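*Asks:* model.json is reproduced in full below (JSON, C-alpha atoms and all ligand atoms).
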```
[["chain", "number", "residue", "atom", "x", "y", "z"],
["A", 1, "MET", "CA", 82.50, 166.73, 160.10],
["A", 2, "ASP", "CA", 82.46, 162.94, 160.65],
["A", 3, "ALA", "CA", 81.80, 160.88, 157.55],
["A", 4, "GLU", "CA", 79.63, 157.85, 158.31],
["A", 5, "LEU", "CA", 81.74, 154.72, 158.66],
["A", 6, "ASP", "CA", 80.97, 151.99, 156.15],
["A", 7, "LEU", "CA", 81.53, 148.75, 158.09],
["A", 8, "LYS", "CA", 81.93, 146.80, 154.87],
["A", 9, "THR", "CA", 85.15, 148.65, 154.06],
["A", 10, "LEU", "CA", 86.87, 147.39, 157.23],
["A", 11, "ASN", "CA", 89.02, 144.27, 157.25],
["A", 12, "ASP", "CA", 87.99, 141.49, 159.66],
["A", 13, "GLU", "CA", 90.25, 142.60, 162.49],
["A", 14, "ASP", "CA", 89.18, 146.25, 162.34],
["A", 15, "LEU", "CA", 85.53, 145.28, 161.98],
["A", 16, "VAL", "CA", 85.70, 143.18, 165.14],
["A", 17, "LEU", "CA", 87.32, 146.07, 167.04],
["A", 18, "GLN", "CA", 84.68, 148.44, 165.66],
["A", 19, "MET", "CA", 81.98, 146.02, 166.82],
["A", 20, "HIS", "CA", 83.46, 146.03, 170.34],
["A", 21, "ASP", "CA", 83.14, 149.84, 170.26],
["A", 22, "ASP", "CA", 79.61, 149.67, 168.83],
["A", 23, "LEU", "CA", 78.56, 147.16, 171.48],
["A", 24, "TYR", "CA", 80.01, 149.44, 174.14],
["A", 25, "ASP", "CA", 78.00, 152.32, 172.67],
["A", 26, "GLY", "CA", 74.85, 150.17, 172.45],
["A", 27, "LEU", "CA", 74.50, 150.57, 168.68],
["A", 28, "LYS", "CA", 72.02, 147.86, 167.80],
["A", 29, "GLU", "CA", 71.82, 148.34, 164.03],
["A", 30, "GLU", "CA", 75.60, 148.48, 163.63],
["A", 31, "ILE", "CA", 75.99, 145.25, 165.64],
["A", 32, "ALA", "CA", 73.42, 143.50, 163.47],
["A", 33, "GLU", "CA", 75.16, 144.78, 160.34],
["A", 34, "GLY", "CA", 78.63, 143.78, 161.55],
["A", 35, "THR", "CA", 77.39, 140.32, 162.52],
["A", 36, "GLN", "CA", 75.89, 139.82, 159.06],
["A", 37, "ILE", "CA", 79.06, 141.03, 157.33],
["A", 38, "LEU", "CA", 81.22, 138.53, 159.25],
["A", 39, "LEU", "CA", 78.78, 135.70, 158.48],
["A", 40, "ASP", "CA", 78.80, 136.71, 154.80],
["A", 41, "ARG", "CA", 82.60, 136.59, 154.87],
["A", 42, "GLY", "CA", 82.41, 132.95, 155.91],
["A", 43, "TRP", "CA", 82.92, 133.28, 159.68],
["A", 44, "SER", "CA", 81.21, 130.54, 161.69],
["A", 45, "ALA", "CA", 78.43, 131.62, 164.05],
["A", 46, "GLU", "CA", 80.56, 130.46, 167.02],
["A", 47, "LYS", "CA", 83.51, 132.62, 165.91],
["A", 48, "VAL", "CA", 81.32, 135.72, 165.46],
["A", 49, "LEU", "CA", 79.71, 135.05, 168.83],
["A", 50, "ASN", "CA", 82.93, 134.59, 170.76],
["A", 51, "GLU", "CA", 85.27, 137.08, 169.08],
["A", 52, "ALA", "CA", 82.89, 139.93, 168.23],
["A", 53, "LEU", "CA", 79.98, 139.71, 170.69],
["A", 54, "VAL", "CA", 81.09, 137.92, 173.88],
["A", 55, "ALA", "CA", 84.52, 139.60, 173.82],
["A", 56, "GLY", "CA", 82.82, 143.00, 173.40],
["A", 57, "MET", "CA", 80.48, 142.29, 176.28],
["A", 58, "THR", "CA", 83.45, 141.37, 178.47],
["A", 59, "ILE", "CA", 84.82, 144.90, 177.99],
["A", 60, "VAL", "CA", 81.40, 146.31, 178.91],
["A", 61, "GLY", "CA", 81.40, 144.09, 182.03],
["A", 62, "ILE", "CA", 84.76, 145.43, 183.18],
["A", 63, "ASP", "CA", 83.71, 149.08, 182.85],
["A", 64, "PHE", "CA", 80.37, 148.29, 184.51],
["A", 65, "ARG", "CA", 82.23, 146.76, 187.45],
["A", 66, "ASP", "CA", 84.54, 149.76, 187.66],
["A", 67, "GLY", "CA", 81.68, 152.27, 187.69],
["A", 68, "ILE", "CA", 82.49, 153.72, 184.27],
["A", 69, "LEU", "CA", 79.29, 152.39, 182.70],
["A", 70, "PHE", "CA", 75.88, 152.32, 184.40],
["A", 71, "VAL", "CA", 72.73, 150.21, 184.09],
["A", 72, "PRO", "CA", 71.05, 152.20, 181.26],
["A", 73, "GLU", "CA", 74.18, 152.04, 179.12],
["A", 74, "VAL", "CA", 74.74, 148.35, 179.83],
["A", 75, "LEU", "CA", 71.11, 147.66, 178.93],
["A", 76, "MET", "CA", 71.71, 149.28, 175.56],
["A", 77, "SER", "CA", 74.82, 147.12, 175.10],
["A", 78, "ALA", "CA", 72.77, 144.04, 176.03],
["A", 79, "ASN", "CA", 70.11, 144.98, 173.47],
["A", 80, "ALA", "CA", 72.75, 145.49, 170.81],
["A", 81, "MET", "CA", 74.22, 142.08, 171.66],
["A", 82, "LYS", "CA", 70.76, 140.53, 171.35],
["A", 83, "ALA", "CA", 70.39, 142.02, 167.85],
["A", 84, "GLY", "CA", 73.54, 140.15, 166.83],
["A", 85, "MET", "CA", 72.40, 136.98, 168.59],
["A", 86, "GLU", "CA", 69.09, 137.05, 166.71],
["A", 87, "LEU", "CA", 71.02, 136.63, 163.46],
["A", 88, "LEU", "CA", 73.11, 133.81, 164.90],
["A", 89, "LYS", "CA", 70.16, 132.00, 166.47],
["A", 90, "PRO", "CA", 68.91, 130.14, 163.37],
["A", 91, "ILE", "CA", 72.44, 128.88, 162.74],
["A", 92, "LEU", "CA", 73.26, 127.93, 166.32],
["A", 93, "SER", "CA", 69.94, 126.25, 166.98],
["A", 94, "ALA", "CA", 69.64, 124.33, 163.69],
["A", 95, "SER", "CA", 70.24, 120.65, 164.34],
["A", 96, "GLY", "CA", 67.84, 118.91, 161.97],
["A", 97, "VAL", "CA", 67.86, 115.74, 164.05],
["A", 98, "GLU", "CA", 65.32, 114.09, 166.35],
["A", 99, "PRO", "CA", 65.59, 115.64, 169.83],
["A", 100, "ILE", "CA", 67.96, 113.64, 172.04],
["A", 101, "GLY", "CA", 66.41, 115.05, 175.17],
["A", 102, "LYS", "CA", 64.47, 117.93, 176.63],
["A", 103, "MET", "CA", 65.65, 120.77, 178.86],
["A", 104, "VAL", "CA", 63.74, 123.30, 180.90],
["A", 105, "ILE", "CA", 65.92, 126.35, 181.58],
["A", 106, "GLY", "CA", 65.41, 129.64, 183.38],
["A", 107, "THR", "CA", 67.20, 132.41, 185.25],
["A", 108, "VAL", "CA", 66.51, 132.23, 189.00],
["A", 109, "LYS", "CA", 64.34, 134.50, 191.11],
["A", 110, "GLY", "CA", 65.69, 138.01, 191.64],
["A", 111, "ASP", "CA", 67.90, 137.85, 188.57],
["A", 112, "ILE", "CA", 67.08, 139.43, 185.21],
["A", 113, "HIS", "CA", 70.28, 138.57, 183.30],
["A", 114, "ASP", "CA", 69.34, 136.47, 180.29],
["A", 115, "ILE", "CA", 71.98, 136.78, 177.58],
["A", 116, "GLY", "CA", 74.02, 133.76, 178.73],
["A", 117, "LYS", "CA", 70.89, 131.71, 179.41],
["A", 118, "ASN", "CA", 69.58, 132.53, 175.92],
["A", 119, "LEU", "CA", 72.88, 131.42, 174.43],
["A", 120, "VAL", "CA", 72.74, 128.15, 176.32],
["A", 121, "ALA", "CA", 69.18, 127.60, 175.04],
["A", 122, "MET", "CA", 70.28, 128.26, 171.44],
["A", 123, "MET", "CA", 73.32, 126.00, 171.64],
["A", 124, "MET", "CA", 71.32, 123.22, 173.31],
["A", 125, "GLU", "CA", 68.82, 123.39, 170.45],
["A", 126, "GLY", "CA", 71.71, 123.28, 168.01],
["A", 127, "GLY", "CA", 73.03, 120.25, 169.93],
["A", 128, "GLY", "CA", 69.76, 118.39, 169.30],
["A", 129, "PHE", "CA", 67.79, 119.17, 172.48],
["A", 130, "GLU", "CA", 64.26, 120.46, 172.75],
["A", 131, "VAL", "CA", 64.36, 123.52, 175.01],
["A", 132, "VAL", "CA", 61.64, 125.12, 177.10],
["A", 133, "ASP", "CA", 62.83, 128.58, 178.13],
["A", 134, "LEU", "CA", 61.18, 130.00, 181.25],
["A", 135, "GLY", "CA", 62.82, 133.39, 180.90],
["A", 136, "ILE", "CA", 64.06, 135.40, 183.89],
["A", 137, "ASN", "CA", 63.24, 135.86, 187.58],
["A", 138, "ASN", "CA", 61.80, 132.39, 188.18],
["A", 139, "PRO", "CA", 60.58, 131.42, 191.66],
["A", 140, "VAL", "CA", 60.71, 127.75, 192.62],
["A", 141, "GLU", "CA", 57.01, 127.36, 191.78],
["A", 142, "ASP", "CA", 57.67, 128.20, 188.11],
["A", 143, "TYR", "CA", 60.38, 125.56, 187.84],
["A", 144, "LEU", "CA", 58.16, 122.96, 189.51],
["A", 145, "ALA", "CA", 55.21, 123.74, 187.24],
["A", 146, "ALA", "CA", 57.39, 123.53, 184.13],
["A", 147, "LEU", "CA", 58.98, 120.25, 185.22],
["A", 148, "GLU", "CA", 55.51, 118.82, 185.83],
["A", 149, "GLU", "CA", 54.17, 120.09, 182.51],
["A", 150, "HIS", "CA", 57.10, 119.36, 180.18],
["A", 151, "LYS", "CA", 58.72, 116.36, 181.89],
["A", 152, "PRO", "CA", 62.24, 117.21, 180.68],
["A", 153, "ASN", "CA", 65.40, 115.15, 181.20],
["A", 154, "ILE", "CA", 67.30, 118.24, 182.30],
["A", 155, "LEU", "CA", 66.68, 121.26, 184.48],
["A", 156, "GLY", "CA", 69.03, 124.16, 183.74],
["A", 157, "MET", "CA", 69.35, 127.20, 185.99],
["A", 158, "SER", "CA", 71.24, 130.42, 185.37],
["A", 159, "ALA", "CA", 72.34, 133.10, 187.86],
["A", 160, "LEU", "CA", 74.69, 136.03, 187.29],
["A", 161, "LEU", "CA", 74.65, 137.57, 190.75],
["A", 162, "THR", "CA", 76.30, 136.36, 193.93],
["A", 163, "THR", "CA", 73.06, 137.37, 195.66],
["A", 164, "THR", "CA", 70.85, 135.17, 193.45],
["A", 165, "MET", "CA", 73.01, 132.08, 192.97],
["A", 166, "PRO", "CA", 72.03, 130.62, 196.39],
["A", 167, "TYR", "CA", 68.44, 130.44, 195.10],
["A", 168, "MET", "CA", 69.48, 127.45, 192.99],
["A", 169, "LYS", "CA", 69.77, 125.49, 196.23],
["A", 170, "VAL", "CA", 66.23, 126.50, 197.17],
["A", 171, "VAL", "CA", 65.00, 124.87, 193.95],
["A", 172, "ILE", "CA", 67.11, 121.73, 194.38],
["A", 173, "ASP", "CA", 66.09, 121.36, 198.05],
["A", 174, "GLU", "CA", 62.44, 121.63, 197.05],
["A", 175, "LEU", "CA", 62.94, 118.87, 194.44],
["A", 176, "LYS", "CA", 64.52, 116.70, 197.16],
["A", 177, "GLU", "CA", 61.71, 117.49, 199.56],
["A", 178, "ARG", "CA", 59.16, 116.30, 196.98],
["A", 179, "GLY", "CA", 61.15, 113.17, 196.10],
["A", 180, "LEU", "CA", 61.72, 114.47, 192.55],
["A", 181, "ARG", "CA", 65.44, 115.21, 192.61],
["A", 182, "ASP", "CA", 66.53, 112.03, 190.85],
["A", 183, "ASP", "CA", 64.01, 112.47, 188.05],
["A", 184, "PHE", "CA", 66.09, 115.25, 186.49],
["A", 185, "ILE", "CA", 69.67, 116.06, 185.61],
["A", 186, "VAL", "CA", 70.30, 119.48, 187.17],
["A", 187, "LEU", "CA", 72.83, 121.70, 185.37],
["A", 188, "VAL", "CA", 73.76, 125.15, 186.63],
["A", 189, "GLY", "CA", 75.72, 128.02, 185.13],
["A", 190, "GLY", "CA", 76.48, 131.73, 185.28],
["A", 191, "ALA", "CA", 79.60, 133.85, 185.69],
["A", 192, "PRO", "CA", 79.91, 133.79, 189.52],
["A", 193, "LEU", "CA", 79.44, 130.01, 189.87],
["A", 194, "ASN", "CA", 82.05, 127.29, 189.97],
["A", 195, "GLU", "CA", 82.25, 123.54, 190.37],
["A", 196, "GLU", "CA", 82.50, 123.60, 194.17],
["A", 197, "PHE", "CA", 79.34, 125.67, 194.37],
["A", 198, "ALA", "CA", 77.49, 123.25, 192.08],
["A", 199, "ASP", "CA", 78.63, 120.33, 194.27],
["A", 200, "ALA", "CA", 77.70, 122.13, 197.47],
["A", 201, "ILE", "CA", 74.12, 122.81, 196.36],
["A", 202, "GLY", "CA", 73.61, 119.29, 195.00],
["A", 203, "ALA", "CA", 73.53, 120.03, 191.25],
["A", 204, "ASP", "CA", 74.78, 117.37, 188.83],
["A", 205, "ALA", "CA", 77.21, 119.71, 187.10],
["A", 206, "TYR", "CA", 78.45, 123.26, 186.66],
["A", 207, "CYS", "CA", 78.70, 124.42, 183.04],
["A", 208, "ARG", "CA", 81.31, 127.10, 182.37],
["A", 209, "ASP", "CA", 79.77, 128.10, 179.05],
["A", 210, "ALA", "CA", 77.13, 127.12, 176.52],
["A", 211, "ALA", "CA", 79.35, 124.65, 174.67],
["A", 212, "VAL", "CA", 80.19, 122.89, 177.94],
["A", 213, "ALA", "CA", 76.46, 122.80, 178.76],
["A", 214, "VAL", "CA", 75.77, 120.87, 175.54],
["A", 215, "GLU", "CA", 78.66, 118.42, 176.08],
["A", 216, "THR", "CA", 77.74, 117.88, 179.73],
["A", 217, "ALA", "CA", 74.06, 117.38, 178.93],
["A", 218, "LYS", "CA", 74.89, 114.77, 176.28],
["A", 219, "ALA", "CA", 77.33, 112.93, 178.53],
["A", 220, "LEU", "CA", 75.02, 112.85, 181.57],
["A", 221, "ILE", "CA", 72.00, 111.76, 179.53],
["A", 222, "ALA", "CA", 74.05, 108.92, 178.00],
["A", 223, "THR", "CA", 75.23, 107.80, 181.46],
["A", 224, "LYS", "CA", 71.70, 107.94, 182.87],
["A", 225, "ARG", "CA", 70.28, 105.98, 179.94],
["A", 226, "ALA", "CA", 73.02, 103.37, 180.18],
["A", 227, "ALA", "CA", 72.31, 102.93, 183.88],
["A", 228, "ALA", "CA", 68.55, 102.59, 183.38],
["A", 301, "LIG", "CO1", 74.57, 142.93, 185.52],
["A", 301, "LIG", "N1", 75.99, 142.38, 186.73],
["A", 301, "LIG", "N2", 73.62, 143.77, 187.03],
["A", 301, "LIG", "N3", 73.39, 143.66, 184.17],
["A", 301, "LIG", "N4", 75.85, 142.41, 184.23],
["A", 301, "LIG", "C1", 77.05, 141.53, 186.17],
["A", 301, "LIG", "C2", 76.67, 140.05, 186.29],
["A", 301, "LIG", "C3", 78.29, 141.94, 187.06],
["A", 301, "LIG", "C4", 79.36, 140.82, 187.18],
["A", 301, "LIG", "C5", 78.88, 143.25, 186.52],
["A", 301, "LIG", "C6", 80.11, 143.69, 187.26],
["A", 301, "LIG", "O1", 80.03, 144.22, 188.33],
["A", 301, "LIG", "N5", 81.26, 143.44, 186.67],
["A", 301, "LIG", "C7", 77.59, 142.28, 188.43],
["A", 301, "LIG", "C8", 77.43, 141.10, 189.40],
["A", 301, "LIG", "C9", 78.36, 141.20, 190.61],
["A", 301, "LIG", "C10", 78.16, 140.04, 191.50],
["A", 301, "LIG", "O2", 77.10, 139.63, 191.84],
["A", 301, "LIG", "N6", 79.28, 139.55, 191.95],
["A", 301, "LIG", "C11", 76.26, 142.82, 187.97],
["A", 301, "LIG", "C12", 75.41, 143.65, 188.73],
["A", 301, "LIG", "C13", 75.95, 144.09, 190.07],
["A", 301, "LIG", "C14", 74.13, 144.04, 188.29],
["A", 301, "LIG", "C15", 73.10, 144.89, 189.05],
["A", 301, "LIG", "C16", 72.93, 144.56, 190.54],
["A", 301, "LIG", "C17", 73.51, 146.38, 188.84],
["A", 301, "LIG", "C18", 72.67, 147.37, 189.55],
["A", 301, "LIG", "O3", 71.47, 147.44, 189.42],
["A", 301, "LIG", "N7", 73.33, 148.16, 190.34],
["A", 301, "LIG", "C19", 71.80, 144.64, 188.24],
["A", 301, "LIG", "C20", 71.02, 143.42, 188.80],
["A", 301, "LIG", "C21", 69.72, 143.20, 188.08],
["A", 301, "LIG", "C22", 69.08, 141.87, 188.48],
["A", 301, "LIG", "O4", 69.36, 140.85, 187.87],
["A", 301, "LIG", "N8", 68.26, 141.90, 189.51],
["A", 301, "LIG", "C23", 72.37, 144.31, 186.91],
["A", 301, "LIG", "C24", 71.71, 144.59, 185.70],
["A", 301, "LIG", "C25", 72.22, 144.33, 184.45],
["A", 301, "LIG", "C26", 71.55, 144.78, 183.16],
["A", 301, "LIG", "C27", 70.03, 144.70, 183.21],
["A", 301, "LIG", "C28", 71.97, 146.21, 182.90],
["A", 301, "LIG", "C29", 72.24, 143.84, 182.09],
["A", 301, "LIG", "C30", 71.47, 142.53, 181.84],
["A", 301, "LIG", "C31", 70.70, 142.56, 180.52],
["A", 301, "LIG", "C32", 70.26, 141.16, 180.13],
["A", 301, "LIG", "O5", 70.83, 140.13, 180.47],
["A", 301, "LIG", "N9", 69.20, 141.18, 179.37],
["A", 301, "LIG", "C33", 73.52, 143.46, 182.83],
["A", 301, "LIG", "C34", 74.67, 142.92, 182.17],
["A", 301, "LIG", "C35", 74.61, 142.86, 180.66],
["A", 301, "LIG", "C36", 75.80, 142.45, 182.89],
["A", 301, "LIG", "C37", 77.17, 142.00, 182.34],
["A", 301, "LIG", "C38", 77.90, 143.27, 181.91],
["A", 301, "LIG", "C39", 77.19, 141.02, 181.19],
["A", 301, "LIG", "C40", 76.43, 139.72, 181.43],
["A", 301, "LIG", "C41", 76.37, 138.96, 180.11],
["A", 301, "LIG", "O6", 75.38, 139.03, 179.41],
["A", 301, "LIG", "N10", 77.50, 138.31, 179.73],
["A", 301, "LIG", "C42", 77.80, 141.30, 183.62],
["A", 301, "LIG", "C43", 79.32, 141.35, 183.66],
["A", 301, "LIG", "C44", 79.94, 140.03, 183.26],
["A", 301, "LIG", "O7", 79.37, 138.96, 183.44],
["A", 301, "LIG", "N11", 81.13, 140.10, 182.77],
["A", 301, "LIG", "C45", 76.98, 141.85, 184.71],
["A", 301, "LIG", "C46", 77.63, 137.63, 178.45],
["A", 301, "LIG", "C47", 77.11, 136.18, 178.56],
["A", 301, "LIG", "C48", 77.32, 135.47, 177.23],
["A", 301, "LIG", "O8", 77.88, 135.51, 179.55],
["A", 301, "LIG", "O9", 75.96, 135.51, 181.20],
["A", 301, "LIG", "O10", 78.27, 134.65, 181.88],
["A", 301, "LIG", "P1", 77.22, 134.82, 180.85],
["A", 301, "LIG", "O11", 76.79, 133.36, 180.31],
["A", 301, "LIG", "C49", 77.71, 132.35, 179.93],
["A", 301, "LIG", "C50", 78.17, 131.44, 181.09],
["A", 301, "LIG", "O12", 78.12, 132.05, 182.35],
["A", 301, "LIG", "C51", 77.29, 130.23, 180.96],
["A", 301, "LIG", "O13", 77.11, 130.13, 179.56],
["A", 301, "LIG", "C52", 76.92, 131.44, 179.02],
["A", 301, "LIG", "C53", 77.31, 131.45, 177.57],
["A", 301, "LIG", "O14", 78.62, 130.97, 177.35],
["A", 301, "LIG", "N12", 75.95, 130.20, 181.56],
["A", 301, "LIG", "C54", 75.30, 129.01, 181.74],
["A", 301, "LIG", "C55", 75.12, 131.19, 181.96],
["A", 301, "LIG", "N13", 73.97, 130.69, 182.40],
["A", 301, "LIG", "C56", 74.02, 129.35, 182.26],
["A", 301, "LIG", "C57", 73.09, 128.36, 182.57],
["A", 301, "LIG", "C58", 73.44, 127.05, 182.33],
["A", 301, "LIG", "C59", 74.70, 126.71, 181.80],
["A", 301, "LIG", "C60", 75.64, 127.69, 181.51],
["A", 301, "LIG", "O15", 72.50, 126.13, 182.62],
["A", 301, "LIG", "C61", 72.72, 124.83, 182.33]]
```
Show me, as structure tokens, the structure contained in the file I just sent.

*Replies:*
Amino acid sequence: MDAELDLKTLNDEDLVLQMHDDLYDGLKEEIAEGTQILLDRGWSAEKVLNEALVAGMTIVGIDFRDGILFVPEVLMSANAMKAGMELLKPILSASGVEPIGKMVIGTVKGDIHDIGKNLVAMMMEGGGFEVVDLGINNPVEDYLAALEEHKPNILGMSALLTTTMPYMKVVIDELKERGLRDDFIVLVGGAPLNEEFADAIGADAYCRDAAVAVETAKALIATKRAAA
């Protein structure tokens, strides 16, 4: 008979490994508990995020690619990851300073992946930006309406599929067509993208991860303000 494992009894290293297993198994409550234990032990939110959650999701991604895990299981892993992220959100998004700029961000049409986009939104808030999150599966009309309504400095787009990443160009081309392209800094990100792709579609920059998104946003806003 299996005795229930008390996560608190594990040392940091074993707890992180256990969390990778729990993420793989889609165990939401255990992931929330493990996240809280690491925070209580003095781990920074970034360290918990990268070493326990993102690293665990990378293992899930490999087995998903190799046909060992399927959509329902990966959805459970994603939900477990979100339970951990909920606890990190207040820490990552606390900046306490006047917003230095505004960003509208959304995952493009046809794409429902939102974990990375949510992380970018949290880290941007933590970096002092106001963020308007459009969620997933956004057609060009949604981006245009949000840009019109919120008048941000930055448009951020996320895509996780090779089949949906070209849609970013549809959005940028529409901005050009309407003479609006230069009104916004356009940042793009998502696992299948790279710098050449961002250049080819006419974005201002590709952001490898959420931390790079914050740095890039700050740098490009400063340059734009200096030039104005
Ligand atoms: Co999807 N999926 N998925 N999936 N899924 C991938 C992306 C895949 C690489 C898995 C694989 O085969 N190894 C593969 C894509 C292959 C390809 O196109 N080349 C894939 C596939 C094929 C699919 C389906 C087609 C599967 C199917 O139905 N047969 C399907 C498509 C659904 C759709 O969108 N229409 C599908 C579905 C799903 C789930 C619903 C089950 C679930 C999503 C749940 C959710 O998001 N709520 C899911 C998941 C979880 C994944 C993996 C395993 C993990 C993605 C993730 O959350 N990573 C993924 C494998 C992988 O990427 N390793 C996979 C963690 C996250 C923190 O990283 O999203 O890269 P990431 O975000 C980073 C950076 O990329 C960057 O910063 C983030 C934080 O550091 N970033 C930005 C992201 N967006 C940014 C925007 C910016 C800046 C930076 O704007 C400024």

*Asks:* Let me have the centre and edge lengths of the axis-aligned box enclosing all listed atoms of ligand LIG 301 (chain A) with 3 Å padding on every side, in Å to one decimal, as lines of an AutoDock Vina configuration file.

*Replies:*
```
center_x = 74.8
center_y = 136.5
center_z = 184.6
size_x = 19.0
size_y = 29.3
size_z = 20.7
```

*Asks:* When you look at Ala159 in chain A with a cut-off of 9 Å (counting all atoms listed in the file), what residues show up, excluding the ones that are within fewer than 5 positions of it in the same chain? I need them as a list in words.

*Replies:*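 Here the answer would be Gly106, Thr107, Val108, Lys109, Asp111, Ile112, His113, Asp114, Lys117, Thr164, Met165, Pro166, Tyr167, Met168, Val188, Gly189, Gly190, Ala191, Pro192 and Leu193 of chain A.
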
*Asks:* Could you name the residues that touch Val60 in chain A at 12 Å or less, counting all atoms listed in the file, but leaving out those on the same chain fewer than 4 positions away, as a PDB file with C-alpha atoms, keeping the file's coordinate frame?

*Replies:*
```pdb
ATOM      1  CA  HIS A  20      83.460 146.030 170.340  1.00  0.00           C
ATOM      2  CA  ASP A  21      83.140 149.840 170.260  1.00  0.00           C
ATOM      3  CA  ASP A  22      79.610 149.670 168.830  1.00  0.00           C
ATOM      4  CA  LEU A  23      78.560 147.160 171.480  1.00  0.00           C
ATOM      5  CA  TYR A  24      80.010 149.440 174.140  1.00  0.00           C
ATOM      6  CA  ASP A  25      78.000 152.320 172.670  1.00  0.00           C
ATOM      7  CA  GLY A  26      74.850 150.170 172.450  1.00  0.00           C
ATOM      8  CA  LEU A  53      79.980 139.710 170.690  1.00  0.00           C
ATOM      9  CA  VAL A  54      81.090 137.920 173.880  1.00  0.00           C
ATOM     10  CA  ALA A  55      84.520 139.600 173.820  1.00  0.00           C
ATOM     11  CA  GLY A  56      82.820 143.000 173.400  1.00  0.00           C
ATOM     12  CA  PHE A  64      80.370 148.290 184.510  1.00  0.00           C
ATOM     13  CA  ARG A  65      82.230 146.760 187.450  1.00  0.00           C
ATOM     14  CA  ASP A  66      84.540 149.760 187.660  1.00  0.00           C
ATOM     15  CA  GLY A  67      81.680 152.270 187.690  1.00  0.00           C
ATOM     16  CA  ILE A  68      82.490 153.720 184.270  1.00  0.00           C
ATOM     17  CA  LEU A  69      79.290 152.390 182.700  1.00  0.00           C
ATOM     18  CA  PHE A  70      75.880 152.320 184.400  1.00  0.00           C
ATOM     19  CA  VAL A  71      72.730 150.210 184.090  1.00  0.00           C
ATOM     20  CA  GLU A  73      74.180 152.040 179.120  1.00  0.00           C
ATOM     21  CA  VAL A  74      74.740 148.350 179.830  1.00  0.00           C
ATOM     22  CA  LEU A  75      71.110 147.660 178.930  1.00  0.00           C
ATOM     23  CA  MET A  76      71.710 149.280 175.560  1.00  0.00           C
ATOM     24  CA  SER A  77      74.820 147.120 175.100  1.00  0.00           C
ATOM     25  CA  ALA A  78      72.770 144.040 176.030  1.00  0.00           C
ATOM     26  CA  ALA A  80      72.750 145.490 170.810  1.00  0.00           C
ATOM     27  CA  MET A  81      74.220 142.080 171.660  1.00  0.00           C
TER      28      MET A  81
END
```

*Asks:* Separation of CA of Ile91 in chain A and CA of Asn50 in chain A, in Å?

*Replies:*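 So the answer is 14.4 Å.
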
*Asks:* Considering all atoms listed in the file, state which residue in the set A:Ala83, A:Val171, A:Ala217, A:Ile115 is at the smallest distance from Glu141 in chain A.

*Replies:*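 Nearest to Glu141 in chain A: A:Val171.
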
*Asks:* My list of candidates is A:Gly128, A:Gly42, A:Gly156, A:Pro139. Which is closest to ligand LIG 301 (chain A) when distances are computed with only C-alpha atoms and all ligand atoms?

*Replies:*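 Comparing A:Gly128, A:Gly42, A:Gly156, A:Pro139 against ligand LIG 301 (chain A), the winner is A:Gly156.
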
*Asks:* Quick check, in Å to one decimal: how far apart do CA of Leu92 in chain A and CA of Ala45 in chain A lie?

*Replies:*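 Taking CA of Leu92 in chain A and CA of Ala45 in chain A, their separation equals 6.7 Å.
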
*Asks:* In Å, how far is it from CA of Ser95 in chain A to CA of Ala198 in chain A?

*Replies:*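 Going from CA of Ser95 in chain A over to CA of Ala198 in chain A, I get 28.8 Å.
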
*Asks:* My list of candidates is A:His150, A:Arg225, A:Arg208, A:Lys8. Which is closest to ligand LIG 301 (chain A) when distances are computed with all atoms listed in the file?

*Replies:*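 Of A:His150, A:Arg225, A:Arg208, A:Lys8, the one nearest ligand LIG 301 (chain A) is A:Arg208, counting all atoms listed in the file.
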
*Asks:* Identify, on the basis of all atoms listed in the file, every residue whose closest approach to Leu10 in chain A does not exceed 12 Å; exclude the query and any residue fewer than 3 positions from it along the same chain; express the result as number ranges by chain.

*Replies:* A: 5-7, 13-19, 34, 37-38, 41

*Asks:* Emit the selected residues as a CSV table (one decimal), in the frame of the given file, including C-alpha atoms.

*Replies:*
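Wrote it out as selection35.csv, contents follow:
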```csv
chain,number,residue,atom,x,y,z
A,5,LEU,CA,81.7,154.7,158.7
A,6,ASP,CA,81.0,152.0,156.2
A,7,LEU,CA,81.5,148.8,158.1
A,13,GLU,CA,90.2,142.6,162.5
A,14,ASP,CA,89.2,146.2,162.3
A,15,LEU,CA,85.5,145.3,162.0
A,16,VAL,CA,85.7,143.2,165.1
A,17,LEU,CA,87.3,146.1,167.0
A,18,GLN,CA,84.7,148.4,165.7
A,19,MET,CA,82.0,146.0,166.8
A,34,GLY,CA,78.6,143.8,161.6
A,37,ILE,CA,79.1,141.0,157.3
A,38,LEU,CA,81.2,138.5,159.2
A,41,ARG,CA,82.6,136.6,154.9
```

*Asks:* May I have the residues at most 7 Å from (70.1, 131.9, 163.8) in the file's coordinates, counting only C-alpha atoms, as a PyMOL selection string?

*Replies:* chain A and resi 86-93

*Asks:* Select, from A:Leu220, A:Leu119, A:Val132, A:Val214, the residue with the minimum atom-to-atom distance to ligand LIG 301 (chain A), counting all atoms listed in the file.

*Replies:*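 Counting all atoms listed in the file, the residue closest to ligand LIG 301 (chain A) is A:Leu119.
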
*Asks:* Restricting the calculation to only C-alpha atoms and all ligand atoms: of A:Ala146, A:Ala203, A:Val131, A:Met57, which residue gets closest to ligand LIG 301 (chain A)?

*Replies:*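 Using only C-alpha atoms and all ligand atoms, the shortest distance to ligand LIG 301 (chain A) belongs to A:Met57.
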
*Asks:* Compile the contact shell of range 221-223 of chain A as a list in words: residues with an atom at most 9 Å away, counting only C-alpha atoms, same-chain residues fewer than 2 positions apart removed.

*Replies:*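 The residues satisfying every condition are Ile100, Gly101, Asn153, Ile154, Ile185, Thr216, Ala217, Lys218, Ala219, Arg225, Ala226, Ala227 and Ala228 of chain A.
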
*Asks:* Which one of A:Lys82, A:Lys151, A:Arg181, A:Lys28 sits closest to ligand LIG 301 (chain A) if you count all atoms listed in the file?

*Replies:*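 Result for the nearest residue to ligand LIG 301 (chain A): A:Lys82.
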